[in-house]
Every structure is written in C-alpha cells, then in structure tokens.
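Undergrad: This one is final.csv, CSV, C-alpha atoms and all ligand atoms.
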```csv
chain,number,residue,atom,x,y,z
S,1,MET,CA,-39.1,-25.3,2.3
S,2,ARG,CA,-40.0,-22.9,-0.5
S,3,ILE,CA,-37.3,-22.3,-3.1
S,4,GLY,CA,-36.5,-18.6,-3.0
S,5,SER,CA,-37.6,-18.2,0.6
S,6,ASP,CA,-35.5,-16.8,3.4
S,7,GLU,CA,-35.3,-20.4,4.8
S,8,HIS,CA,-33.9,-21.5,1.4
S,9,LYS,CA,-31.3,-18.7,1.5
S,10,GLN,CA,-30.3,-19.7,5.1
S,11,ARG,CA,-30.0,-23.4,4.1
S,12,PHE,CA,-27.8,-23.0,1.0
S,13,CYS,CA,-25.6,-20.3,2.4
S,14,ARG,CA,-25.0,-22.1,5.7
S,15,GLN,CA,-24.4,-25.5,4.1
S,16,PHE,CA,-21.8,-23.9,1.9
S,17,ILE,CA,-20.1,-22.0,4.7
S,18,ALA,CA,-20.1,-25.1,7.1
S,19,SER,CA,-18.5,-27.3,4.5
S,20,HIS,CA,-15.5,-25.0,3.9
S,21,ARG,CA,-12.2,-26.8,4.7
S,22,GLN,CA,-9.1,-25.0,5.8
S,23,PHE,CA,-5.8,-26.0,4.2
S,24,ASP,CA,-2.7,-24.4,3.0
S,25,PRO,CA,-1.7,-25.5,-0.6
S,26,ALA,CA,2.0,-25.1,0.3
S,27,ILE,CA,1.9,-27.9,2.9
S,28,LEU,CA,-0.3,-30.4,1.2
S,29,PRO,CA,1.2,-33.9,0.8
S,30,TRP,CA,2.7,-33.3,-2.6
S,31,PRO,CA,4.4,-36.6,-3.7
S,32,ASP,CA,7.9,-36.9,-5.1
S,33,LEU,CA,7.5,-37.9,-8.8
S,34,ASP,CA,9.8,-40.2,-10.8
S,35,ASP,CA,10.9,-39.0,-14.3
S,36,ALA,CA,8.1,-40.8,-16.1
S,37,ALA,CA,5.4,-39.2,-14.0
S,38,LEU,CA,7.1,-35.8,-14.1
S,39,GLY,CA,7.2,-36.1,-17.9
S,40,ARG,CA,3.5,-36.9,-18.1
S,41,LEU,CA,2.5,-34.0,-15.7
S,42,ARG,CA,4.7,-31.5,-17.6
S,43,SER,CA,3.3,-32.7,-21.0
S,44,ILE,CA,-0.3,-31.8,-20.0
S,45,PRO,CA,-0.8,-28.7,-22.3
S,46,PHE,CA,-3.4,-26.7,-20.4
S,47,TRP,CA,-1.9,-25.8,-16.9
S,48,GLN,CA,-1.5,-22.2,-17.9
S,49,GLU,CA,-5.1,-22.0,-19.1
S,50,VAL,CA,-6.4,-23.7,-15.9
S,51,LEU,CA,-4.3,-21.2,-13.7
S,52,TYR,CA,-5.6,-18.3,-15.8
S,53,THR,CA,-9.2,-19.5,-15.3
S,54,GLU,CA,-8.8,-19.8,-11.5
S,55,ARG,CA,-7.2,-16.4,-11.2
S,56,ARG,CA,-10.0,-14.9,-13.3
S,57,ALA,CA,-12.6,-16.8,-11.2
S,58,GLY,CA,-11.2,-15.3,-8.0
S,59,ALA,CA,-11.3,-11.8,-9.5
S,60,ILE,CA,-15.0,-12.1,-10.7
S,61,VAL,CA,-16.3,-13.7,-7.5
S,62,ALA,CA,-14.5,-11.2,-5.2
S,63,ALA,CA,-15.7,-8.3,-7.3
S,64,TYR,CA,-19.3,-9.5,-7.2
S,65,ALA,CA,-19.1,-10.3,-3.5
S,66,ALA,CA,-18.2,-6.7,-2.7
S,67,THR,CA,-21.6,-5.6,-4.2
S,68,ILE,CA,-23.8,-7.9,-2.1
S,69,ALA,CA,-25.8,-6.2,0.6
S,70,ASP,CA,-27.2,-9.4,2.3
S,71,PRO,CA,-24.7,-10.2,5.0
S,72,LEU,CA,-25.1,-14.0,4.8
S,73,VAL,CA,-24.9,-14.2,1.0
S,74,HIS,CA,-22.0,-11.8,1.1
S,75,GLU,CA,-20.2,-14.1,3.5
S,76,ALA,CA,-20.8,-17.2,1.3
S,77,VAL,CA,-19.8,-15.5,-2.0
S,78,SER,CA,-16.7,-14.0,-0.4
S,79,LEU,CA,-15.7,-17.5,0.9
S,80,GLN,CA,-16.1,-18.8,-2.7
S,81,GLY,CA,-13.8,-16.0,-3.9
S,82,PHE,CA,-11.3,-17.1,-1.3
S,83,GLU,CA,-11.5,-20.7,-2.4
S,84,GLU,CA,-11.1,-19.7,-6.1
S,85,ALA,CA,-8.0,-17.7,-5.2
S,86,ARG,CA,-6.7,-20.7,-3.3
S,87,HIS,CA,-7.2,-22.9,-6.3
S,88,ALA,CA,-4.9,-20.6,-8.2
S,89,GLU,CA,-2.4,-20.7,-5.4
S,90,LEU,CA,-2.6,-24.5,-5.3
S,91,LEU,CA,-1.8,-24.6,-9.1
S,92,ARG,CA,1.1,-22.1,-8.6
S,93,VAL,CA,2.6,-24.4,-5.9
S,94,MET,CA,2.3,-27.4,-8.2
S,95,ILE,CA,3.7,-25.5,-11.2
S,96,HIS,CA,6.7,-24.3,-9.1
S,97,ARG,CA,7.3,-27.6,-7.4
S,98,TYR,CA,7.3,-29.8,-10.5
S,99,GLY,CA,8.9,-27.3,-12.9
S,100,ILE,CA,5.9,-27.0,-15.2
S,101,ALA,CA,6.1,-24.4,-18.0
S,102,ALA,CA,3.3,-21.9,-17.3
S,103,ASP,CA,3.2,-18.1,-17.2
S,104,GLU,CA,0.9,-15.7,-15.5
S,105,PRO,CA,-0.2,-13.3,-18.2
S,106,PRO,CA,-2.3,-10.3,-17.0
S,107,LEU,CA,-6.0,-10.9,-16.7
S,108,ASP,CA,-6.7,-9.1,-20.0
S,109,GLU,CA,-10.4,-9.8,-20.4
S,110,PRO,CA,-12.1,-7.0,-18.5
S,111,ILE,CA,-14.8,-8.1,-16.0
S,112,SER,CA,-18.2,-6.9,-17.2
S,113,SER,CA,-19.5,-3.8,-15.4
S,114,ASN,CA,-22.7,-5.9,-14.8
S,115,LEU,CA,-21.2,-8.0,-12.0
S,116,ARG,CA,-24.3,-10.0,-11.3
S,117,ARG,CA,-24.4,-11.0,-14.9
S,118,ALA,CA,-20.6,-11.8,-14.8
S,119,PHE,CA,-21.1,-14.0,-11.7
S,120,ALA,CA,-24.1,-15.8,-13.4
S,121,ASP,CA,-22.1,-16.4,-16.6
S,122,PHE,CA,-19.2,-17.6,-14.5
S,123,GLY,CA,-21.5,-19.9,-12.5
S,124,TYR,CA,-23.1,-21.6,-15.4
S,125,GLY,CA,-19.6,-22.0,-17.0
S,126,GLU,CA,-18.6,-23.8,-13.8
S,127,CYS,CA,-21.6,-26.1,-14.0
S,128,ALA,CA,-20.7,-27.0,-17.6
S,129,ASP,CA,-16.9,-27.3,-16.9
S,130,SER,CA,-17.6,-29.4,-13.8
S,131,PHE,CA,-20.0,-31.8,-15.5
S,132,LEU,CA,-17.3,-32.6,-18.2
S,133,GLY,CA,-14.5,-32.3,-15.7
S,134,PHE,CA,-16.1,-35.0,-13.5
S,135,GLY,CA,-15.8,-37.5,-16.4
S,136,VAL,CA,-12.3,-36.4,-17.4
S,137,PHE,CA,-11.1,-36.7,-13.8
S,138,LYS,CA,-12.6,-40.2,-13.4
S,139,ILE,CA,-11.1,-41.5,-16.6
S,140,ALA,CA,-7.6,-39.9,-15.9
S,141,ARG,CA,-7.6,-41.3,-12.4
S,142,ARG,CA,-8.6,-44.8,-13.5
S,143,SER,CA,-5.9,-44.8,-16.2
S,144,GLY,CA,-3.2,-44.1,-13.5
S,145,PHE,CA,-1.9,-41.3,-15.8
S,146,LEU,CA,-0.5,-39.6,-12.7
S,147,PRO,CA,0.2,-41.0,-9.2
S,148,GLU,CA,-2.8,-41.3,-6.9
S,149,PRO,CA,-1.5,-38.8,-4.3
S,150,LEU,CA,-1.8,-36.1,-7.0
S,151,PHE,CA,-5.4,-37.1,-7.8
S,152,GLU,CA,-6.2,-36.9,-4.0
S,153,ILE,CA,-5.0,-33.3,-4.0
S,154,PHE,CA,-7.0,-32.5,-7.2
S,155,ASP,CA,-10.0,-34.2,-5.7
S,156,MET,CA,-10.0,-31.5,-3.0
S,157,LEU,CA,-10.3,-29.0,-5.8
S,158,MET,CA,-13.1,-31.0,-7.5
S,159,ARG,CA,-15.0,-31.2,-4.2
S,160,GLU,CA,-14.9,-27.4,-3.8
S,161,GLU,CA,-16.1,-26.9,-7.4
S,162,THR,CA,-19.0,-29.2,-6.7
S,163,ARG,CA,-19.9,-27.1,-3.6
S,164,HIS,CA,-19.6,-24.0,-5.8
S,165,ILE,CA,-22.1,-25.2,-8.4
S,166,VAL,CA,-24.6,-26.3,-5.9
S,167,PHE,CA,-24.3,-23.0,-4.1
S,168,PHE,CA,-24.6,-21.2,-7.4
S,169,ILE,CA,-27.7,-23.0,-8.7
S,170,ASN,CA,-29.5,-22.3,-5.4
S,171,TRP,CA,-28.3,-18.6,-5.3
S,172,MET,CA,-29.6,-18.2,-8.9
S,173,ALA,CA,-33.1,-19.6,-8.0
S,174,TRP,CA,-33.2,-17.5,-4.8
S,175,GLN,CA,-32.3,-14.2,-6.4
S,176,GLN,CA,-34.5,-14.8,-9.4
S,177,THR,CA,-37.4,-15.4,-7.1
S,178,ALA,CA,-36.6,-12.1,-5.3
S,179,ARG,CA,-36.6,-10.4,-8.7
S,180,GLY,CA,-40.0,-11.9,-9.7
S,181,TYR,CA,-38.7,-14.5,-12.1
S,182,GLY,CA,-39.0,-17.5,-9.8
S,183,ALA,CA,-41.4,-19.6,-11.8
S,184,ARG,CA,-39.9,-23.0,-12.8
S,185,TRP,CA,-40.3,-22.5,-16.5
S,186,LEU,CA,-38.7,-19.0,-16.4
S,187,ARG,CA,-35.8,-20.4,-14.4
S,188,ALA,CA,-35.4,-23.3,-16.9
S,189,GLU,CA,-35.5,-20.9,-19.9
S,190,ASN,CA,-32.9,-18.6,-18.2
S,191,ALA,CA,-30.7,-21.6,-17.4
S,192,ALA,CA,-30.8,-22.8,-21.0
S,193,TRP,CA,-29.8,-19.3,-22.2
S,194,TYR,CA,-26.8,-19.2,-19.8
S,195,TYR,CA,-25.8,-22.7,-20.6
S,196,SER,CA,-25.8,-22.1,-24.3
S,197,ARG,CA,-23.4,-19.1,-23.7
S,198,ALA,CA,-21.2,-21.3,-21.4
S,199,ILE,CA,-20.9,-24.0,-24.0
S,200,GLY,CA,-20.1,-21.5,-26.7
S,201,ARG,CA,-17.3,-20.2,-24.5
S,202,LEU,CA,-16.1,-23.7,-23.7
S,203,LEU,CA,-15.9,-24.6,-27.4
S,204,GLY,CA,-14.0,-21.4,-28.0
S,205,THR,CA,-11.5,-22.3,-25.3
S,206,LEU,CA,-11.1,-25.8,-26.8
S,207,ARG,CA,-10.5,-24.4,-30.3
S,208,ARG,CA,-7.9,-21.9,-28.9
S,209,GLY,CA,-6.3,-24.7,-26.9
S,210,ARG,CA,-6.0,-26.9,-29.9
S,211,ARG,CA,-4.5,-24.1,-32.0
S,212,ALA,CA,-2.0,-23.3,-29.2
S,213,ASN,CA,-0.9,-26.9,-28.9
S,214,ASP,CA,-0.7,-27.8,-32.5
S,215,GLY,CA,2.5,-29.6,-33.2
S,216,LYS,CA,3.3,-30.3,-29.6
S,217,ASP,CA,3.7,-34.0,-28.6
S,218,PHE,CA,0.9,-34.5,-26.1
S,219,SER,CA,-1.5,-35.9,-28.5
S,220,ALA,CA,0.0,-39.0,-29.8
S,221,THR,CA,1.9,-40.5,-26.9
S,222,GLN,CA,0.4,-39.1,-23.8
S,223,ALA,CA,-3.2,-39.0,-24.8
S,224,SER,CA,-3.1,-42.7,-25.8
S,225,ALA,CA,-2.4,-43.6,-22.2
S,226,LEU,CA,-5.4,-41.6,-21.1
S,227,LEU,CA,-7.8,-42.6,-23.9
S,228,ASP,CA,-7.2,-46.3,-24.1
S,229,GLY,CA,-10.6,-48.0,-24.7
S,230,PHE,CA,-12.3,-44.5,-24.7
S,231,THR,CA,-15.6,-44.0,-26.4
S,232,PHE,CA,-17.7,-40.8,-26.4
S,233,ARG,CA,-20.6,-42.8,-25.0
S,234,GLY,CA,-18.4,-44.1,-22.2
S,235,PHE,CA,-17.3,-40.6,-21.5
S,236,VAL,CA,-20.8,-39.3,-21.2
S,237,LYS,CA,-21.7,-42.2,-18.9
S,238,GLU,CA,-18.8,-41.4,-16.7
S,239,CYS,CA,-19.8,-37.7,-16.5
S,240,CYS,CA,-23.4,-38.7,-15.5
S,241,ALA,CA,-22.2,-41.3,-12.9
S,242,GLU,CA,-19.7,-39.0,-11.4
S,243,HIS,CA,-22.1,-36.1,-11.3
S,244,ALA,CA,-24.7,-38.3,-9.5
S,245,ARG,CA,-22.0,-39.6,-7.0
S,246,ARG,CA,-20.7,-36.1,-6.2
S,247,MET,CA,-24.2,-34.6,-5.8
S,248,ALA,CA,-25.3,-37.4,-3.5
S,249,GLY,CA,-23.9,-35.8,-0.3
S,250,PHE,CA,-25.9,-32.6,-0.5
S,251,ASP,CA,-28.9,-31.7,1.6
S,252,SER,CA,-31.9,-33.2,-0.4
S,253,ASP,CA,-33.9,-29.9,0.0
S,254,LEU,CA,-31.3,-28.0,-2.1
S,255,LEU,CA,-31.6,-27.6,-5.8
S,256,LEU,CA,-28.9,-29.4,-7.8
S,257,PRO,CA,-27.6,-28.7,-11.3
S,258,ARG,CA,-29.9,-30.8,-13.5
S,259,LEU,CA,-29.9,-29.6,-17.1
S,260,LEU,CA,-26.7,-31.1,-18.5
S,261,PRO,CA,-27.2,-34.5,-16.7
S,262,THR,CA,-30.8,-34.6,-18.1
S,263,VAL,CA,-29.7,-33.8,-21.6
S,264,ALA,CA,-26.9,-36.4,-21.3
S,265,GLY,CA,-29.3,-39.0,-19.9
S,266,VAL,CA,-31.6,-38.5,-22.9
S,267,ALA,CA,-28.7,-38.9,-25.3
S,268,LEU,CA,-27.6,-42.1,-23.5
S,269,ALA,CA,-31.2,-43.4,-23.7
S,270,GLY,CA,-31.1,-42.7,-27.4
S,271,TRP,CA,-27.8,-44.6,-27.7
S,272,ARG,CA,-29.3,-47.6,-25.9
S,273,LEU,CA,-32.0,-47.8,-28.5
S,274,ARG,CA,-29.4,-48.0,-31.2
S,275,PRO,CA,-26.9,-50.5,-29.9
S,276,SER,CA,-25.1,-50.9,-33.1
S,277,THR,CA,-23.7,-47.3,-32.8
S,278,ALA,CA,-22.0,-48.0,-29.4
S,301,FE,FE,-11.9,-23.0,-8.9
S,302,FE,FE,-15.3,-22.7,-8.4
```
What does the file become when written as structure tokens?

TA:
Amino acid sequence: MRIGSDEHKQRFCRQFIASHRQFDPAILPWPDLDDAALGRLRSIPFWQEVLYTERRAGAIVAAYAATIADPLVHEAVSLQGFEEARHAELLRVMIHRYGIAADEPPLDEPISSNLRRAFADFGYGECADSFLGFGVFKIARRSGFLPEPLFEIFDMLMREETRHIVFFINWMAWQQTARGYGARWLRAENAAWYYSRAIGRLLGTLRRGRRANDGKDFSATQASALLDGFTFRGFVKECCAEHARRMAGFDSDLLLPRLLPTVAGVALAGWRLRPSTA
C-alpha cells in the first residue's frame, strides 16, 4: 500500500470508523468514592483546563469536518468531533457527580479561519499531549492515586485519543501527498515545525497552570503520593513504553506517530551512556 494513495485513505478512515465504540457517559460504572478518594480527585487542579481543551477540540474538529468534500474523510473526522464532544460530556458528568469545582467559561480563543491549519495544529498538539499523557496516566494508575474503576473509565478516553492521533498522522500524510508534499523528508520537516508549535503551546499551558494554582495545596501533599520514587528518566521511559503498548494494536500498514518516541529514545540512549546521571 502506498502512503497517500486511495487505498491508504480507505484503510485509515475505515479502521478509525470501525473501532468507534458506543457509550453514554451518564451511565458508565462510576464508582462511589470514600472521603479520601473524593478529596484527592477534587484536589487535582486541572479539571477545568481539561474540560476547556475537550470542548475546544470538539469545536475545531466539527468546524473542520464541515469543510471536507471527501465523503469518507468527512465521516471519519465528524466521528472524531463527536468523540471529542463526548469527552467533554464525560468530564461534565464526573465534575457534577463528584462535586468538583470547575466552570465552563466561553471558548474565547477564536478558531483560525484556516480550518485545515487549525485541525493540523490541534492534531500535533494531541500527539504531544498523548505521548506525555500516556506516561502520566501509567504513573498515576500504578500509584493508586484514585480507585481503579475511575482509571478504567479514563482509559476509554485514552484509547480514543490514541485512535485520534493514529488517524491524524495518516490523514496528514495522505493530504500532504494530495497537495504534492508527500516526500518523506518534507513530511518530517513539516511534522517538526508543527511539533515545535505544539510544544510551545504546551509549555504555555503549563506556565499558566502553575500560576493559576500557586498557593493551592495540591503540590505538597497530593503530588507526593503520585511522585513517590519519580525520576524524569523513569517518566520518559514510561511514556515510551506506554506509547509502544498502545500503538501495538493498529494495522501495521498504517503510519504511527514516531517523532516524539524517537527523540525520547535517543535521550534515553544518551542517559544509558551516562549511568551516574540516572
Ligand atoms: Fe479528547
Ligand atoms: Fe482527541
């Protein structure tokens, strides 16, 4: 199968559509939480930011989907928009059920008038967020910071994000080929440019989050439960291992996000050569 061909398009769209799961966030097996678990869940400082991100994701993806002429790609991107909106709904259900403090401010950042560019920026952002999120999720789950039934629900969300980034990477290569930019080096250069923008935005979000949460008490008590025995190298290893595990289930003919795991793998190899810095 040639990347960028009609067969490629059929393959990545159909795999995405066929792997969609139906569920209603309101009737998931949400567990009853004791006071300690409720306190830990409520102390997590970023639920409002996560909800905002999912609401914005739904808006960007739906807006871009409306512009797509190809019926199969339109169906797949519309389905992604539906899933992003359902992520926001899942978070709303959780926030309401457990009495978490989080508002829904209006989506004040206007979506760019270049919707293809907005979707591409969003997609590379998802690739970066997911790579780091895989490691955070694994570490949080292993620490038992929240009850396992909640992680099982969040895992459905992680699974959908994994499908989104695989779909996105293939869509990107397919439409770049259609526009005459399909050569591998051009795609790599393009990916590096978008990733640098995505990482810049991620650092901005982290800075804003740190400012917004200054003086709140998540850091000392709650974070220590999560970060017990944590090293940066260990975190990067978890990101790589989880990325590989979650990607293993996809059709081997499809492209997979590669840049961040490759960069992380090179960094880990460098660390191995300097064992005293571990
Ligand atoms: Fe999402
Ligand atoms: Fe997503």

Undergrad: List all protein, DNA and RNA residues that have any atom at most 10 Å from ligand FE 302 (chain S), counting only C-alpha atoms and all ligand atoms, and write the list as an NGL selection string.

TA: :S and (53-54 or 57-58 or 61 or 80-85 or 87 or 122-123 or 125-127 or 129-130 or 157-165 or 167-168)

Undergrad: I'd like the contact shell of Val73 of chain S - 8 Å cut-off, all atoms listed in the file, skipping same-chain residues fewer than 4 positions apart - returned as a list in words.

TA: Lys9, Cys13, Ile68 and Val77 of chain S

Undergrad: Using all atoms listed in the file, which of S:Gln48, S:Ser252, S:Thr231, S:Thr177 sits nearest Met94 of chain S?

TA: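 Of the candidates, the smallest distance to Met94 of chain S is held by S:Gln48.
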
Undergrad: In Å, with one decimal, what is the gap from atom CA of Leu203 of chain S to atom CA of His243 of chain S?

TA: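 The value is 20.7 Å.
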
Undergrad: Here is a test: counting all atoms listed in the file, which residue of S:Val266, S:Trp47, S:Val166, S:Ile199 is nearest to Val93 of chain S?

TA: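 Using all atoms listed in the file, the shortest distance to Val93 of chain S belongs to S:Trp47.
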
Undergrad: Would you fill the gaps in segment 43-54 of chain S so it has all heavy atoms, then print it as a PDB file, in the coordinates of the input?

TA:
```
ATOM      1  N   SER S  43       3.733 -32.695 -19.577  1.00  0.00           N
ATOM      2  CA  SER S  43       3.300 -32.700 -21.000  1.00  0.00           C
ATOM      3  C   SER S  43       1.804 -32.276 -21.095  1.00  0.00           C
ATOM      4  O   SER S  43       1.324 -32.008 -22.187  1.00  0.00           O
ATOM      5  CB  SER S  43       3.361 -34.161 -21.514  1.00  0.00           C
ATOM      6  OG  SER S  43       2.336 -34.966 -20.946  1.00  0.00           O
ATOM      7  N   ILE S  44       1.090 -32.201 -19.972  1.00  0.00           N
ATOM      8  CA  ILE S  44      -0.300 -31.800 -20.000  1.00  0.00           C
ATOM      9  C   ILE S  44      -0.327 -30.302 -20.507  1.00  0.00           C
ATOM     10  O   ILE S  44       0.307 -29.451 -19.868  1.00  0.00           O
ATOM     11  CB  ILE S  44      -1.015 -31.936 -18.678  1.00  0.00           C
ATOM     12  CG1 ILE S  44      -1.095 -33.428 -18.344  1.00  0.00           C
ATOM     13  CG2 ILE S  44      -2.401 -31.294 -18.676  1.00  0.00           C
ATOM     14  CD1 ILE S  44      -1.556 -33.737 -16.931  1.00  0.00           C
ATOM     15  N   PRO S  45      -1.013 -30.010 -21.630  1.00  0.00           N
ATOM     16  CA  PRO S  45      -0.800 -28.700 -22.300  1.00  0.00           C
ATOM     17  C   PRO S  45      -1.618 -27.553 -21.695  1.00  0.00           C
ATOM     18  O   PRO S  45      -1.494 -26.438 -22.159  1.00  0.00           O
ATOM     19  CB  PRO S  45      -1.196 -28.981 -23.721  1.00  0.00           C
ATOM     20  CG  PRO S  45      -2.187 -30.090 -23.641  1.00  0.00           C
ATOM     21  CD  PRO S  45      -1.842 -30.920 -22.435  1.00  0.00           C
ATOM     22  N   PHE S  46      -2.472 -27.809 -20.694  1.00  0.00           N
ATOM     23  CA  PHE S  46      -3.400 -26.700 -20.400  1.00  0.00           C
ATOM     24  C   PHE S  46      -3.222 -26.146 -18.965  1.00  0.00           C
ATOM     25  O   PHE S  46      -4.115 -25.461 -18.462  1.00  0.00           O
ATOM     26  CB  PHE S  46      -4.857 -27.211 -20.553  1.00  0.00           C
ATOM     27  CG  PHE S  46      -5.167 -28.548 -19.938  1.00  0.00           C
ATOM     28  CD1 PHE S  46      -5.201 -28.714 -18.569  1.00  0.00           C
ATOM     29  CD2 PHE S  46      -5.428 -29.649 -20.753  1.00  0.00           C
ATOM     30  CE1 PHE S  46      -5.489 -29.940 -18.002  1.00  0.00           C
ATOM     31  CE2 PHE S  46      -5.716 -30.890 -20.197  1.00  0.00           C
ATOM     32  CZ  PHE S  46      -5.751 -31.035 -18.823  1.00  0.00           C
ATOM     33  N   TRP S  47      -2.060 -26.354 -18.315  1.00  0.00           N
ATOM     34  CA  TRP S  47      -1.900 -25.800 -16.900  1.00  0.00           C
ATOM     35  C   TRP S  47      -2.028 -24.304 -16.901  1.00  0.00           C
ATOM     36  O   TRP S  47      -2.616 -23.728 -15.993  1.00  0.00           O
ATOM     37  CB  TRP S  47      -0.624 -26.291 -16.295  1.00  0.00           C
ATOM     38  CG  TRP S  47      -0.608 -27.754 -15.991  1.00  0.00           C
ATOM     39  CD1 TRP S  47       0.300 -28.685 -16.427  1.00  0.00           C
ATOM     40  CD2 TRP S  47      -1.561 -28.499 -15.192  1.00  0.00           C
ATOM     41  NE1 TRP S  47      -0.026 -29.939 -15.951  1.00  0.00           N
ATOM     42  CE2 TRP S  47      -1.160 -29.846 -15.200  1.00  0.00           C
ATOM     43  CE3 TRP S  47      -2.714 -28.141 -14.491  1.00  0.00           C
ATOM     44  CZ2 TRP S  47      -1.864 -30.841 -14.521  1.00  0.00           C
ATOM     45  CZ3 TRP S  47      -3.422 -29.132 -13.823  1.00  0.00           C
ATOM     46  CH2 TRP S  47      -2.995 -30.457 -13.845  1.00  0.00           C
ATOM     47  N   GLN S  48      -1.438 -23.649 -17.901  1.00  0.00           N
ATOM     48  CA  GLN S  48      -1.500 -22.200 -17.900  1.00  0.00           C
ATOM     49  C   GLN S  48      -2.935 -21.684 -18.040  1.00  0.00           C
ATOM     50  O   GLN S  48      -3.351 -20.740 -17.373  1.00  0.00           O
ATOM     51  CB  GLN S  48      -0.625 -21.631 -19.045  1.00  0.00           C
ATOM     52  CG  GLN S  48      -0.576 -20.115 -19.049  1.00  0.00           C
ATOM     53  CD  GLN S  48       0.491 -19.579 -19.988  1.00  0.00           C
ATOM     54  OE1 GLN S  48       1.615 -20.076 -20.015  1.00  0.00           O
ATOM     55  NE2 GLN S  48       0.144 -18.574 -20.751  1.00  0.00           N
ATOM     56  N   GLU S  49      -3.694 -22.382 -18.896  1.00  0.00           N
ATOM     57  CA  GLU S  49      -5.100 -22.000 -19.100  1.00  0.00           C
ATOM     58  C   GLU S  49      -5.915 -22.240 -17.811  1.00  0.00           C
ATOM     59  O   GLU S  49      -6.758 -21.426 -17.432  1.00  0.00           O
ATOM     60  CB  GLU S  49      -5.671 -22.886 -20.249  1.00  0.00           C
ATOM     61  CG  GLU S  49      -7.117 -22.641 -20.597  1.00  0.00           C
ATOM     62  CD  GLU S  49      -7.323 -21.404 -21.468  1.00  0.00           C
ATOM     63  OE1 GLU S  49      -6.396 -21.051 -22.221  1.00  0.00           O
ATOM     64  OE2 GLU S  49      -8.406 -20.802 -21.367  1.00  0.00           O
ATOM     65  N   VAL S  50      -5.630 -23.359 -17.129  1.00  0.00           N
ATOM     66  CA  VAL S  50      -6.400 -23.700 -15.900  1.00  0.00           C
ATOM     67  C   VAL S  50      -6.032 -22.599 -14.830  1.00  0.00           C
ATOM     68  O   VAL S  50      -6.916 -22.081 -14.144  1.00  0.00           O
ATOM     69  CB  VAL S  50      -6.024 -25.071 -15.366  1.00  0.00           C
ATOM     70  CG1 VAL S  50      -6.717 -25.340 -14.033  1.00  0.00           C
ATOM     71  CG2 VAL S  50      -6.429 -26.126 -16.381  1.00  0.00           C
ATOM     72  N   LEU S  51      -4.748 -22.242 -14.727  1.00  0.00           N
ATOM     73  CA  LEU S  51      -4.300 -21.200 -13.700  1.00  0.00           C
ATOM     74  C   LEU S  51      -5.007 -19.886 -14.073  1.00  0.00           C
ATOM     75  O   LEU S  51      -5.518 -19.199 -13.185  1.00  0.00           O
ATOM     76  CB  LEU S  51      -2.804 -21.091 -13.753  1.00  0.00           C
ATOM     77  CG  LEU S  51      -2.225 -19.984 -12.871  1.00  0.00           C
ATOM     78  CD1 LEU S  51      -2.639 -20.152 -11.410  1.00  0.00           C
ATOM     79  CD2 LEU S  51      -0.687 -19.959 -12.970  1.00  0.00           C
ATOM     80  N   TYR S  52      -5.018 -19.536 -15.351  1.00  0.00           N
ATOM     81  CA  TYR S  52      -5.600 -18.300 -15.800  1.00  0.00           C
ATOM     82  C   TYR S  52      -7.132 -18.273 -15.363  1.00  0.00           C
ATOM     83  O   TYR S  52      -7.649 -17.297 -14.820  1.00  0.00           O
ATOM     84  CB  TYR S  52      -5.503 -18.108 -17.283  1.00  0.00           C
ATOM     85  CG  TYR S  52      -6.035 -16.792 -17.795  1.00  0.00           C
ATOM     86  CD1 TYR S  52      -5.205 -15.686 -17.889  1.00  0.00           C
ATOM     87  CD2 TYR S  52      -7.370 -16.646 -18.176  1.00  0.00           C
ATOM     88  CE1 TYR S  52      -5.686 -14.461 -18.337  1.00  0.00           C
ATOM     89  CE2 TYR S  52      -7.864 -15.436 -18.622  1.00  0.00           C
ATOM     90  CZ  TYR S  52      -7.022 -14.348 -18.707  1.00  0.00           C
ATOM     91  OH  TYR S  52      -7.503 -13.138 -19.146  1.00  0.00           O
ATOM     92  N   THR S  53      -7.797 -19.408 -15.628  1.00  0.00           N
ATOM     93  CA  THR S  53      -9.200 -19.500 -15.300  1.00  0.00           C
ATOM     94  C   THR S  53      -9.490 -19.343 -13.832  1.00  0.00           C
ATOM     95  O   THR S  53     -10.430 -18.649 -13.419  1.00  0.00           O
ATOM     96  CB  THR S  53      -9.767 -20.893 -15.805  1.00  0.00           C
ATOM     97  OG1 THR S  53      -9.485 -21.008 -17.193  1.00  0.00           O
ATOM     98  CG2 THR S  53     -11.255 -21.034 -15.587  1.00  0.00           C
ATOM     99  N   GLU S  54      -8.652 -19.959 -13.002  1.00  0.00           N
ATOM    100  CA  GLU S  54      -8.800 -19.800 -11.500  1.00  0.00           C
ATOM    101  C   GLU S  54      -8.559 -18.425 -11.057  1.00  0.00           C
ATOM    102  O   GLU S  54      -9.247 -17.913 -10.178  1.00  0.00           O
ATOM    103  CB  GLU S  54      -7.965 -20.853 -10.806  1.00  0.00           C
ATOM    104  CG  GLU S  54      -8.319 -22.311 -11.066  1.00  0.00           C
ATOM    105  CD  GLU S  54      -9.662 -22.731 -10.464  1.00  0.00           C
ATOM    106  OE1 GLU S  54     -10.336 -21.914  -9.815  1.00  0.00           O
ATOM    107  OE2 GLU S  54     -10.047 -23.903 -10.676  1.00  0.00           O
TER     108      GLU S  54
END
```
